[in-house]
file protein.txt (compact mmCIF, C-alpha atoms)
# COMPACT_ATOMS: atom_id res chain seq x y z
CA MET A 1 7.44 11.06 -35.49
CA ARG A 2 5.83 12.82 -32.55
CA THR A 3 8.56 14.16 -30.24
CA LEU A 4 8.60 15.69 -26.77
CA ARG A 5 11.63 17.57 -25.50
CA TYR A 6 11.69 18.17 -21.78
CA THR A 7 13.87 18.66 -18.73
CA LEU A 8 14.14 15.83 -16.23
CA GLY A 9 12.33 16.74 -13.04
CA SER A 10 9.90 19.21 -14.63
CA PRO A 11 6.36 18.80 -13.24
CA TYR A 12 4.99 20.41 -16.40
CA ALA A 13 6.74 17.78 -18.51
CA ARG A 14 5.48 15.00 -16.24
CA GLY A 15 1.94 16.26 -16.78
CA ILE A 16 2.35 16.10 -20.55
CA ARG A 17 3.96 12.66 -20.38
CA VAL A 18 1.02 11.42 -18.30
CA LEU A 19 -1.45 12.95 -20.74
CA LEU A 20 0.26 11.39 -23.76
CA GLN A 21 0.01 7.98 -22.09
CA GLU A 22 -3.63 8.54 -21.13
CA LEU A 23 -4.30 9.24 -24.82
CA GLY A 24 -2.33 6.18 -25.91
CA LEU A 25 0.01 8.27 -28.09
CA GLU A 26 3.52 7.07 -28.86
CA TYR A 27 6.28 9.65 -28.96
CA GLU A 28 10.03 10.03 -29.01
CA GLN A 29 11.52 11.44 -25.82
CA GLU A 30 14.28 14.03 -25.87
CA ALA A 31 15.06 14.32 -22.16
CA GLU A 32 17.55 16.98 -21.10
CA LEU A 33 19.71 16.06 -18.12
CA THR A 34 21.45 19.43 -18.04
CA THR A 35 20.16 22.83 -19.07
CA PRO A 36 21.48 23.65 -22.56
CA SER A 37 22.65 27.06 -23.73
CA ALA A 38 20.14 29.71 -24.77
CA ALA A 39 21.15 29.21 -28.39
CA GLU A 40 20.49 25.46 -28.16
CA ARG A 41 17.13 26.00 -26.49
CA ALA A 42 16.18 28.56 -29.13
CA THR A 43 16.28 25.81 -31.75
CA ALA A 44 13.14 24.43 -30.07
CA SER A 45 11.25 27.61 -29.19
CA PRO A 46 11.85 31.37 -29.11
CA THR A 47 10.75 31.39 -25.46
CA LEU A 48 13.51 28.85 -24.59
CA GLN A 49 10.77 26.75 -22.96
CA VAL A 50 10.39 23.04 -22.45
CA PRO A 51 8.39 20.91 -22.69
CA THR A 52 8.24 21.42 -26.42
CA LEU A 53 6.12 19.14 -28.60
CA TRP A 54 6.61 18.43 -32.29
CA ASP A 55 3.55 16.83 -33.86
CA ASP A 56 2.10 16.74 -37.36
CA GLY A 57 4.26 19.60 -38.59
CA LYS A 58 3.52 21.77 -35.56
CA THR A 59 5.92 22.98 -32.88
CA LEU A 60 4.20 23.79 -29.61
CA TRP A 61 5.43 24.96 -26.22
CA GLU A 62 3.84 25.88 -22.84
CA SER A 63 2.36 22.84 -21.16
CA GLY A 64 -1.21 24.13 -20.84
CA LEU A 65 -1.36 24.91 -24.57
CA ILE A 66 0.17 21.51 -25.42
CA ALA A 67 -2.48 19.80 -23.28
CA ASP A 68 -5.25 21.80 -24.96
CA TYR A 69 -3.90 20.85 -28.39
CA LEU A 70 -3.64 17.14 -27.57
CA LEU A 71 -7.21 16.92 -26.29
CA ALA A 72 -8.55 18.95 -29.21
CA THR A 73 -6.68 16.83 -31.76
CA TYR A 74 -6.95 13.24 -30.52
CA SER A 75 -9.92 11.17 -29.44
CA VAL A 76 -10.36 10.14 -25.81
CA ASP A 77 -11.29 6.64 -24.63
CA SER A 78 -14.22 7.20 -22.26
CA ILE A 79 -14.22 3.62 -20.97
CA GLY A 80 -13.15 2.82 -17.42
CA PRO A 81 -13.30 4.48 -14.03
CA GLN A 82 -12.90 8.24 -14.18
CA PRO A 83 -11.81 8.31 -17.83
CA LEU A 84 -9.84 11.19 -19.29
CA ALA A 85 -11.88 14.34 -19.90
CA GLY A 86 -12.12 15.19 -23.60
CA SER A 87 -11.20 18.87 -23.22
CA ILE A 88 -9.68 21.30 -20.75
CA ALA A 89 -13.04 23.04 -20.26
CA ARG A 90 -16.68 21.99 -20.18
CA ALA A 91 -19.28 23.62 -22.40
CA GLY A 92 -20.87 26.43 -20.43
CA SER A 93 -18.02 26.51 -17.90
CA ASP A 94 -15.19 27.55 -20.20
CA TRP A 95 -13.87 30.48 -18.21
CA GLU A 96 -14.26 28.80 -14.83
CA ASP A 97 -12.39 25.69 -15.99
CA LYS A 98 -9.66 27.66 -17.75
CA LEU A 99 -9.24 29.79 -14.63
CA LEU A 100 -8.78 26.58 -12.66
CA LEU A 101 -5.97 25.47 -14.95
CA ALA A 102 -4.33 28.92 -14.90
CA THR A 103 -4.43 28.95 -11.09
CA ILE A 104 -2.93 25.46 -10.86
CA GLN A 105 -0.15 26.49 -13.24
CA THR A 106 0.50 29.55 -11.06
CA LEU A 107 1.05 27.19 -8.13
CA GLY A 108 3.52 25.29 -10.30
CA ASN A 109 5.30 28.51 -11.23
CA VAL A 110 5.78 29.32 -7.53
CA ALA A 111 7.32 25.91 -6.84
CA THR A 112 9.60 25.76 -9.87
CA THR A 113 10.85 29.33 -9.36
CA ILE A 114 11.74 28.55 -5.74
CA SER A 115 13.44 25.35 -6.90
CA GLN A 116 15.51 27.08 -9.59
CA MET A 117 16.60 29.80 -7.19
CA LYS A 118 17.59 27.23 -4.58
CA TRP A 119 20.02 25.60 -7.01
CA SER A 120 21.37 29.11 -7.70
CA GLY A 121 22.13 29.46 -4.01
CA VAL A 122 19.14 31.57 -2.97
CA ALA A 123 16.75 30.14 -0.37
CA TRP A 124 13.19 31.43 -0.45
CA GLN A 125 13.47 32.53 3.20
CA ASP A 126 16.25 34.94 2.23
CA ASN A 127 14.45 36.65 -0.64
CA ASP A 128 11.33 38.83 -0.33
CA TYR A 129 9.97 37.88 -3.75
CA LEU A 130 10.38 34.15 -3.13
CA THR A 131 8.94 34.48 0.37
CA ARG A 132 5.84 36.12 -1.07
CA GLY A 133 5.63 33.19 -3.49
CA SER A 134 5.69 30.70 -0.61
CA GLU A 135 2.96 32.72 1.12
CA ARG A 136 0.71 32.23 -1.93
CA LEU A 137 0.58 28.45 -1.55
CA PRO A 138 -2.02 28.14 1.26
CA TYR A 139 -4.27 30.69 -0.44
CA LEU A 140 -4.03 28.84 -3.75
CA LEU A 141 -4.76 25.50 -2.09
CA ASP A 142 -7.66 26.90 -0.11
CA TRP A 143 -9.22 28.29 -3.31
CA LEU A 144 -8.69 25.01 -5.18
CA GLU A 145 -10.04 22.91 -2.29
CA ALA A 146 -13.29 24.91 -2.42
CA ARG A 147 -13.72 23.99 -6.09
CA LEU A 148 -13.70 20.25 -5.52
CA LEU A 149 -17.14 18.88 -4.70
CA ASP A 150 -15.96 15.91 -2.62
CA THR A 151 -13.12 13.44 -2.06
CA GLU A 152 -14.31 11.11 -4.85
CA THR A 153 -14.31 13.32 -7.95
CA GLY A 154 -11.99 15.73 -9.72
CA PHE A 155 -12.25 19.34 -10.76
CA LEU A 156 -14.46 18.56 -13.78
CA GLY A 157 -16.55 15.88 -12.11
CA ASN A 158 -16.28 12.11 -12.44
CA VAL A 159 -13.50 12.27 -15.06
CA THR A 160 -9.73 12.75 -15.01
CA ALA A 161 -9.06 16.29 -16.13
CA VAL A 162 -5.89 18.09 -17.15
CA GLN A 163 -6.42 20.17 -14.02
CA ASP A 164 -6.27 17.03 -11.86
CA ILE A 165 -3.12 15.86 -13.62
CA PHE A 166 -1.17 19.10 -13.35
CA LEU A 167 -2.11 19.80 -9.73
CA THR A 168 -0.89 16.34 -8.75
CA CYS A 169 2.38 16.81 -10.65
CA HIS A 170 3.04 20.19 -9.02
CA LEU A 171 2.23 19.02 -5.49
CA ARG A 172 4.35 15.87 -5.83
CA PHE A 173 7.19 18.03 -7.16
CA ILE A 174 7.00 20.14 -3.98
CA ALA A 175 6.78 17.07 -1.73
CA ASN A 176 9.76 15.32 -3.33
CA ARG A 177 12.28 18.15 -3.52
CA PRO A 178 14.17 19.77 -0.62
CA LEU A 179 12.51 23.16 -0.96
CA ASP A 180 11.57 23.66 2.71
CA LEU A 181 7.95 23.94 1.64
CA ASP A 182 5.09 22.07 3.29
CA CYS A 183 1.70 22.26 1.61
CA LYS A 184 0.06 20.69 4.70
CA LEU A 185 -2.33 18.63 2.58
CA GLU A 186 -3.97 17.23 5.71
CA LYS A 187 -5.77 20.59 5.83
CA PHE A 188 -7.09 20.01 2.30
CA PRO A 189 -8.71 16.55 2.35
CA LYS A 190 -10.30 16.80 -1.10
CA ILE A 191 -7.00 17.75 -2.74
CA LYS A 192 -5.17 15.07 -0.77
CA ALA A 193 -7.63 12.42 -1.94
CA LEU A 194 -7.38 13.65 -5.53
CA THR A 195 -3.58 13.46 -5.63
CA GLU A 196 -3.53 9.99 -4.07
CA ARG A 197 -6.07 8.79 -6.62
CA MET A 198 -4.07 10.27 -9.51
CA GLU A 199 -0.80 8.72 -8.35
CA ALA A 200 -2.46 5.29 -8.36
CA ARG A 201 -3.25 5.57 -12.08
CA THR A 202 -1.07 3.55 -14.46
CA SER A 203 -0.11 6.69 -16.38
CA PHE A 204 1.38 8.22 -13.22
CA ILE A 205 3.09 5.04 -12.07
CA GLU A 206 4.76 4.59 -15.45
CA ASN A 207 5.79 8.26 -15.64
CA PRO A 208 7.36 8.71 -12.20
CA ILE A 209 8.74 11.84 -10.60
CA LEU A 210 12.24 12.39 -11.93
CA TRP A 211 14.76 14.11 -9.72
CA TRP A 212 17.18 16.73 -10.91
CA ASP A 213 19.72 19.07 -9.41
CA PRO A 214 23.08 20.27 -10.78
CA LYS A 215 25.00 17.27 -9.39
CA VAL A 216 22.79 14.59 -10.98
CA ILE A 217 24.59 12.91 -13.87
CA GLY A 218 22.11 10.15 -14.69
CA TYR A 219 19.73 7.54 -13.35
CA ALA A 220 20.11 3.99 -12.06
CA GLU A 221 18.65 0.98 -13.86
CA ASP A 222 15.31 1.47 -12.08
CA GLY A 223 14.91 4.70 -14.05
CA THR A 224 14.09 6.84 -11.02
CA THR A 225 17.05 6.75 -8.61
CA PRO A 226 19.42 9.66 -9.38
CA LEU A 227 23.16 9.15 -9.75
CA TYR A 228 25.36 11.96 -8.44
CA ASN A 229 28.73 13.32 -9.45
CA THR A 230 30.96 12.55 -6.47
CA ASP A 231 34.06 14.41 -7.69

call {"tool": "encode", "arguments": {"input": "protein.txt", "output": "structure tokens"}}
result
Amino acid sequence: MRTLRYTLGSPYARGIRVLLQELGLEYEQEAELTTPSAAERATASPTLQVPTLWDDGKTLWESGLIADYLLATYSVDSIGPQPLAGSIARAGSDWEDKLLLATIQTLGNVATTISQMKWSGVAWQDNDYLTRGSERLPYLLDWLEARLLDTETGFLGNVTAVQDIFLTCHLRFIANRPLDLDCKLEKFPKIKALTERMEARTSFIENPILWWDPKVIGYAEDGTTPLYNTD
């Protein structure tokens, strides 16, 4: 059985969950509510990373690689408005499209690092390295905005690309966590339109943002409202 192990709240995991649904692939979910020990994580991958995907005898980690594998392995239904793109890069634009994905994942790395440090008691404003990370965000968004043609299409044209999916997951992660970060998307109308369009897709609605911080012990019956340890 195809299995995905992931941490609740991870924007990278949300991107893979969305992609699996877009591809119509069933899978078993191993969702981690708390961070396991290094030894436990090492049973999934030597990098201690999640999401980790088990599929057809393969064990894969790193969300961009997992996305590349899924698109290369399974057929895409091209019917419907802005259907899923069949690969992470277009023929003749390989390096440009892969650079787009790498840059989007860098934005995600900034956000998740700041988030992890916050729960360790370190605010980005109090740390030079994290402050420099926060200063990268407007430059990253400005560069990405310039690579969208208009407010109606995504990074690879009139399709839904992995790049569109991951950028939306990372930006919604920032918007829905108390990180004291404001991406000021009103300054980036093409990105703003893209993320709103992505969040309206069934795959996003049915794979909502999941909250996590050290005091969360579970979720309410709606599947999205966190329950906190009040002791």

call {"tool": "closest_atom_pairs", "arguments": {"input": "protein.txt", "of": "region 117-160 of chain A", "to": "region 60-79 of chain A", "cutoff": "12 Å", "atoms": "all atoms listed in the file", "output": "CSV"}}
result
residue,atom,partner,partner_atom,distance
A:Asn158,CA,A:Ser78,CA,11.2
A:Val159,CA,A:Ser78,CA,8.8
A:Thr160,CA,A:Ser78,CA,10.2

call {"tool": "closest_residue", "arguments": {"input": "protein.txt", "among": "A:Glu145, A:Glu152, A:Asp55, A:Glu26", "to": "Pro81 (chain A)", "atoms": "all atoms listed in the file"}}
result
A:Glu152

call {"tool": "residues_around", "arguments": {"input": "protein.txt", "residues": "Glu199 (chain A)", "least_positions_apart": "4", "cutoff": "10 Å", "atoms": "only C-alpha atoms", "output": "list in words"}}
result
Ile165, Thr168, Cys169, Arg172, Leu194, Thr195, Ser203, Phe204, Ile205, Glu206, Asn207 and Pro208 of chain A

call {"tool": "atom_distance", "arguments": {"input": "protein.txt", "atom1": "CA of Met117 (chain A)", "atom2": "CA of Ala102 (chain A)"}}
result
22.3 Å

call {"tool": "closest_residue", "arguments": {"input": "protein.txt", "among": "A:Leu144, A:Met1, A:Leu181, A:Ile209", "to": "Asp56 (chain A)", "atoms": "only C-alpha atoms"}}
result
A:Met1

call {"tool": "atom_distance", "arguments": {"input": "protein.txt", "atom1": "CA of Asn176 (chain A)", "atom2": "CA of Val18 (chain A)"}}
result
17.8 Å

call {"tool": "residues_around", "arguments": {"input": "protein.txt", "residues": "Lys190 (chain A)", "least_positions_apart": "5", "cutoff": "9 Å", "atoms": "only C-alpha atoms", "output": "PyMOL selection string"}}
result
chain A and resi 145-146+148-154+185+195

call {"tool": "residues_around", "arguments": {"input": "protein.txt", "residues": "region 47-52 of chain A", "least_positions_apart": "5", "cutoff": "10 Å", "atoms": "only C-alpha atoms", "output": "list in words"}}
result
Thr3, Leu4, Arg5, Tyr6, Thr7, Ser10, Pro11, Tyr12, Ala13, Arg14, Gly15, Ile16, Arg17, Glu30, Ala31, Glu32, Pro36, Ser37, Ala38, Ala39, Glu40, Arg41, Ala42, Thr59, Leu60, Trp61, Glu62, Ser63 and Ile66 of chain A

call {"tool": "axis_aligned_box", "arguments": {"input": "protein.txt", "around": "region 115-133 of chain A", "padding_each_side": "8 Å", "output": "lines of an AutoDock Vina configuration file"}}
result
center_x = 13.9
center_y = 32.1
center_z = -3.2
size_x = 32.5
size_y = 29.5
size_z = 28.8

call {"tool": "closest_residue", "arguments": {"input": "protein.txt", "among": "A:Gln125, A:Gln105, A:Ser87, A:Ser134", "to": "Leu156 (chain A)", "atoms": "only C-alpha atoms"}}
result
A:Ser87

call {"tool": "atom_distance", "arguments": {"input": "protein.txt", "atom1": "CA of Glu22 (chain A)", "atom2": "CA of Gly80 (chain A)"}}
result
11.7 Å

call {"tool": "closest_residue", "arguments": {"input": "protein.txt", "among": "A:Pro178, A:Gly86, A:Gly9, A:Gly133", "to": "Thr106 (chain A)", "atoms": "only C-alpha atoms"}}
result
A:Gly133

call {"tool": "residues_around", "arguments": {"input": "protein.txt", "residues": "Glu186 (chain A)", "least_positions_apart": "6", "cutoff": "12 Å", "atoms": "only C-alpha atoms", "output": "PyMOL selection string"}}
result
chain A and resi 138+141-142+145+192-193+195

call {"tool": "closest_residue", "arguments": {"input": "protein.txt", "among": "A:Leu84, A:Leu23, A:Ala175, A:Leu137", "to": "Thr103 (chain A)", "atoms": "all atoms listed in the file"}}
result
A:Leu137

call {"tool": "decode", "arguments": {"input": "protein.txt", "residues": "region 150-207 of chain A", "atoms": "C-alpha atoms", "output": "JSON list (two decimals), in the first residue's frame"}}
result
[["chain", "number", "residue", "atom", "x", "y", "z"],
["A", 150, "ASP", "CA", -0.94, 37.50, -15.63],
["A", 151, "THR", "CA", -3.54, 36.97, -12.89],
["A", 152, "GLU", "CA", -5.27, 34.14, -14.78],
["A", 153, "THR", "CA", -2.52, 31.57, -15.30],
["A", 154, "GLY", "CA", 0.13, 29.79, -13.26],
["A", 155, "PHE", "CA", 3.88, 29.50, -13.51],
["A", 156, "LEU", "CA", 3.74, 26.94, -16.34],
["A", 157, "GLY", "CA", 0.83, 28.52, -18.20],
["A", 158, "ASN", "CA", -2.81, 27.46, -18.23],
["A", 159, "VAL", "CA", -2.22, 24.38, -16.07],
["A", 160, "THR", "CA", -1.84, 23.69, -12.35],
["A", 161, "ALA", "CA", 1.83, 23.11, -11.71],
["A", 162, "VAL", "CA", 3.72, 21.76, -8.71],
["A", 163, "GLN", "CA", 5.19, 25.26, -8.45],
["A", 164, "ASP", "CA", 1.70, 26.73, -8.04],
["A", 165, "ILE", "CA", 0.81, 24.14, -5.41],
["A", 166, "PHE", "CA", 3.90, 24.56, -3.25],
["A", 167, "LEU", "CA", 3.93, 28.36, -3.37],
["A", 168, "THR", "CA", 0.32, 28.42, -2.19],
["A", 169, "CYS", "CA", 1.07, 25.96, 0.63],
["A", 170, "HIS", "CA", 4.06, 27.99, 1.83],
["A", 171, "LEU", "CA", 2.27, 31.34, 1.71],
["A", 172, "ARG", "CA", -0.80, 29.99, 3.51],
["A", 173, "PHE", "CA", 1.51, 28.48, 6.14],
["A", 174, "ILE", "CA", 2.98, 31.95, 6.76],
["A", 175, "ALA", "CA", -0.45, 33.60, 6.82],
["A", 176, "ASN", "CA", -1.93, 31.11, 9.29],
["A", 177, "ARG", "CA", 0.83, 30.89, 11.88],
["A", 178, "PRO", "CA", 1.83, 33.55, 14.43],
["A", 179, "LEU", "CA", 5.26, 34.19, 12.94],
["A", 180, "ASP", "CA", 5.08, 38.01, 12.84],
["A", 181, "LEU", "CA", 5.63, 37.82, 9.09],
["A", 182, "ASP", "CA", 3.55, 39.69, 6.54],
["A", 183, "CYS", "CA", 4.12, 38.85, 2.88],
["A", 184, "LYS", "CA", 2.03, 41.89, 1.83],
["A", 185, "LEU", "CA", 0.46, 40.01, -1.06],
["A", 186, "GLU", "CA", -1.47, 43.12, -2.09],
["A", 187, "LYS", "CA", 1.84, 44.22, -3.62],
["A", 188, "PHE", "CA", 1.97, 41.03, -5.69],
["A", 189, "PRO", "CA", -1.40, 40.80, -7.46],
["A", 190, "LYS", "CA", -0.47, 37.89, -9.73],
["A", 191, "ILE", "CA", 0.70, 35.77, -6.80],
["A", 192, "LYS", "CA", -2.34, 36.77, -4.76],
["A", 193, "ALA", "CA", -4.68, 35.72, -7.57],
["A", 194, "LEU", "CA", -2.79, 32.44, -8.00],
["A", 195, "THR", "CA", -3.05, 31.47, -4.33],
["A", 196, "GLU", "CA", -6.75, 32.34, -4.17],
["A", 197, "ARG", "CA", -7.39, 30.23, -7.25],
["A", 198, "MET", "CA", -5.44, 27.29, -5.82],
["A", 199, "GLU", "CA", -7.24, 27.41, -2.48],
["A", 200, "ALA", "CA", -10.57, 27.14, -4.32],
["A", 201, "ARG", "CA", -9.58, 23.80, -5.85],
["A", 202, "THR", "CA", -11.16, 20.68, -4.35],
["A", 203, "SER", "CA", -7.73, 19.20, -3.62],
["A", 204, "PHE", "CA", -6.86, 22.17, -1.40],
["A", 205, "ILE", "CA", -10.23, 22.33, 0.31],
["A", 206, "GLU", "CA", -10.08, 18.64, 1.20],
["A", 207, "ASN", "CA", -6.46, 18.90, 2.39]]
